[in-house]
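One structure is given here, and the rest of the page talks about it.
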Amino acid sequence: MVRGKTAVVTGSTSGIGLGIAQVLAREGANIFLNGFGGRTEIERLRLRLAQEYGVKAGFSPADLAKPAEIAEMTAQATREFGGIDILVNNAGIQFTAPIEEFPAEKWDSIIAINLSANFHTIRTVLPQMRARNWGRIVNIASAHGLVASPMKAAYVAAKHGVIGLTKVVALEMARTGITCNAICPGWVLTPLVQRQIDDLAAREGLSAADARRRLLEEKQPSGEFATPEQIGAVTAFLCSDAAAEIRGAAITVDGAWTAQ
Ligand code: NAD
């Protein structure tokens with residue numbers, strides 16, 4: 001289903017976004033990467049995807065906190081690949097603090113990158129999806145889009161917002177061939193989570209393995225991390241024909257975190 005389509009995956013130089021980009025490339029989609037990181041490393045990644053899977057691969061360094069750079073990224077991907085069929089809004093950041101101590105600038109940047117960027121990518125890509133009457137928008141929300149945890153005011157607010165935005169876009173596109181859904185991962189072992197494990201280990205004087213176990217025990221009944229490849233596979237499924245009538249859903253991949 002995705003063969004020959006073009007997918008823009010934001011925040012795909014690391015973690016879950018990279019997993020999604022790899023799965024979609026393996027399925028034959030051309031991939032437009034985005035995110036931060038060393039230029040040489042990113043160029044190596046871009047070439048590897050293109051060579052390994054025989055697809056086209058592009059890259060934009062757009063900072064998703066900046067709407068003008070998002071518009072430029074969309075224009076560049078459209079120019080280079082002829083159009084965008086699949087949009088995966090994945091880029092995200094985290095910061096933890098009690099609300100009275102939560103720095104206002106951290107709130108602003110989390111809302112900008114984790115929530116507002118999704119609005120800006122969607123609004124710039126929808127006109128061309130509408131023109132072709134086909135599109136797949138997948139927003140990577142979180143278990144924290146459905147339930148809360150202390151210390152994560154901005155993240156939880158942004159991710160709940162992403163699920164709201166997903167539903168609105170799904171409703172507005174309900175009579176078209178464009179679907180919009182959210183995926184809600186629980187813990188996935190990526191650099192974003194590794195930083196939280198390191199903080200926990202330092203705070204409680206735990207070994208890395210004990211801190212990992214503690215993190216999982218607290219929230220994720222399966223006791224296992226979900227993987228970027230699993231999130232990629234669910235994304236690919238949402239892009240398939242079988243998923244054409246899945247609209248406005250928030251699909252959990254969270255080891256039963258939100259079943260409790
Ligand atoms: P990560 O830190 O490994 O990757 C984040 C990616 O976003 C990187 O490519 C980074 O360069 C990019 N990025 C960050 N700020 C950016 C900006 N301003 N502009 C452009 N790109 C930017 O994190 P991850 O764990 O892979 O998280 C990916 C998404 O999954 C996030 O939206 C996160 O909230 C969500 N998520 C992660 C988990 C988890 O357990 N890891 C769970 C639920 C949801």
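Chain identifiers are assigned as A, B, and so on, following the order in which chains appear in the structure tokens; residues are numbered from 1 within each chain, and ligands are numbered from 1 in order of appearance.
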Can you check which parts of region 119-238 of chain A lie within 8 Å of region 66-82 of chain A? Per residue, the shortest pair of atoms and distance in Å to one decimal, counting only C-alpha atoms, sorted by chain and number, as a Markdown table.
```
| residue | atom | partner | partner_atom | distance |
| --- | --- | --- | --- | --- |
| A:His120 | CA | A:Pro67 | CA | 6.4 |
| A:Thr121 | CA | A:Ile70 | CA | 6.4 |
| A:Thr124 | CA | A:Ala71 | CA | 6.5 |
| A:Val125 | CA | A:Thr74 | CA | 6.9 |
```
Counting only C-alpha atoms and all ligand atoms, what residues are within 7 Å of ligand 1, given as a ChimeraX atom specification? /A:10-17,34-37,61-65,90-94,113-114,140-143,184-193
Contacts of Lys219 (chain A) at 12 Å or less, counting only C-alpha atoms, minus same-chain residues fewer than 5 places along, as a PyMOL selection string? chain A and resi 143-144+147-149+185-187+212-214+224-225+254-260
Export of the given selection (N, CA, C and O atoms) as a compact mmCIF listing (two decimals), in the first residue's frame:
```txt
# COMPACT_ATOMS: atom_id res chain seq x y z
N ALA A 143 0.84 7.45 25.72
CA ALA A 143 -0.08 7.09 26.81
C ALA A 143 -0.43 8.36 27.59
O ALA A 143 -1.54 8.50 28.12
N HIS A 144 0.50 9.31 27.59
CA HIS A 144 0.26 10.59 28.25
C HIS A 144 -0.68 11.51 27.46
O HIS A 144 -0.93 12.63 27.87
N VAL A 147 -3.81 9.58 29.72
CA VAL A 147 -3.76 9.67 31.19
C VAL A 147 -2.56 10.56 31.56
O VAL A 147 -1.70 10.82 30.72
N ALA A 148 -2.52 10.97 32.81
CA ALA A 148 -1.46 11.90 33.22
C ALA A 148 -0.46 11.25 34.17
O ALA A 148 -0.68 10.15 34.68
N SER A 149 0.66 11.91 34.35
CA SER A 149 1.62 11.59 35.42
C SER A 149 2.06 12.92 36.00
O SER A 149 2.10 13.93 35.28
N PRO A 185 2.13 5.38 22.32
CA PRO A 185 3.07 4.43 22.92
C PRO A 185 3.16 4.62 24.43
O PRO A 185 3.00 5.73 24.94
N GLY A 186 3.43 3.50 25.12
CA GLY A 186 3.89 3.58 26.51
C GLY A 186 5.40 3.80 26.46
O GLY A 186 5.90 4.48 25.59
N TRP A 187 6.12 3.17 27.40
CA TRP A 187 7.58 3.33 27.38
C TRP A 187 8.20 2.63 26.19
O TRP A 187 7.96 1.45 25.96
N ARG A 212 15.72 0.98 35.06
CA ARG A 212 14.87 0.58 33.92
C ARG A 212 13.69 -0.25 34.41
O ARG A 212 12.55 -0.04 34.03
N ARG A 213 14.00 -1.20 35.31
CA ARG A 213 12.96 -2.07 35.85
C ARG A 213 11.94 -1.26 36.62
O ARG A 213 10.74 -1.45 36.49
N ARG A 214 12.42 -0.31 37.44
CA ARG A 214 11.53 0.52 38.27
C ARG A 214 10.59 1.35 37.39
O ARG A 214 9.40 1.45 37.65
N GLU A 224 7.70 -4.87 29.75
CA GLU A 224 8.55 -4.83 28.55
C GLU A 224 8.42 -3.46 27.90
O GLU A 224 7.34 -2.88 27.88
N PHE A 225 9.51 -2.98 27.33
CA PHE A 225 9.43 -1.78 26.49
C PHE A 225 8.76 -2.14 25.16
O PHE A 225 8.97 -3.24 24.65
N ASP A 254 1.09 0.12 24.59
CA ASP A 254 1.59 0.57 25.88
C ASP A 254 1.69 -0.53 26.94
O ASP A 254 1.75 -0.22 28.14
N GLY A 255 1.74 -1.81 26.50
CA GLY A 255 1.91 -2.88 27.49
C GLY A 255 0.85 -2.86 28.58
O GLY A 255 1.12 -3.25 29.71
N ALA A 256 -0.34 -2.35 28.25
CA ALA A 256 -1.51 -2.29 29.15
C ALA A 256 -1.44 -1.13 30.16
O ALA A 256 -2.24 -1.09 31.10
N TRP A 257 -0.54 -0.18 29.95
CA TRP A 257 -0.41 1.00 30.82
C TRP A 257 -1.79 1.63 31.08
O TRP A 257 -2.19 1.87 32.22
N THR A 258 -2.52 1.92 29.97
CA THR A 258 -3.79 2.67 30.12
C THR A 258 -4.99 1.75 30.31
O THR A 258 -6.12 2.24 30.37
N ALA A 259 -4.74 0.44 30.43
CA ALA A 259 -5.85 -0.48 30.71
C ALA A 259 -6.17 -0.49 32.20
O ALA A 259 -7.20 -1.02 32.61
N GLN A 260 -5.30 0.08 33.00
CA GLN A 260 -5.46 -0.03 34.46
C GLN A 260 -6.55 0.92 34.96
O GLN A 260 -6.65 2.04 34.48
```
Of the candidates A:Gln196, A:Thr166, A:Thr179, A:Asn118, which one gets nearest to Ala244 (chain A) if we count only C-alpha atoms?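 With only C-alpha atoms as the atom set, the closest residue is A:Thr179.
Distances from A:Thr6, A:Thr176, A:Asn133, A:Thr227 to Ala29 (chain A) were compared using only C-alpha atoms, and the smallest one belongs to A:Thr6.
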Residue set, region 38-83 of chain A restricted to strand (DSSP E), as an NGL selection string: :A and (57-60)
Excluding Glu100 (chain A) and its own-chain neighbours fewer than 6 positions away, which residues fall within 12 Å of it when counting only C-alpha atoms? Please give them as number ranges by chain. A: 107, 150-153
When you draw a straight line from CA of Leu165 (chain A) to CA of Ala182 (chain A), how long is it in Å? 9.5 Å
In Å, rounded to a single decimal, give me how far CA of Glu101 (chain A) is from CA of Val156 (chain A).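 Going from CA of Val156 (chain A) over to CA of Glu101 (chain A) covers 16.0 Å.
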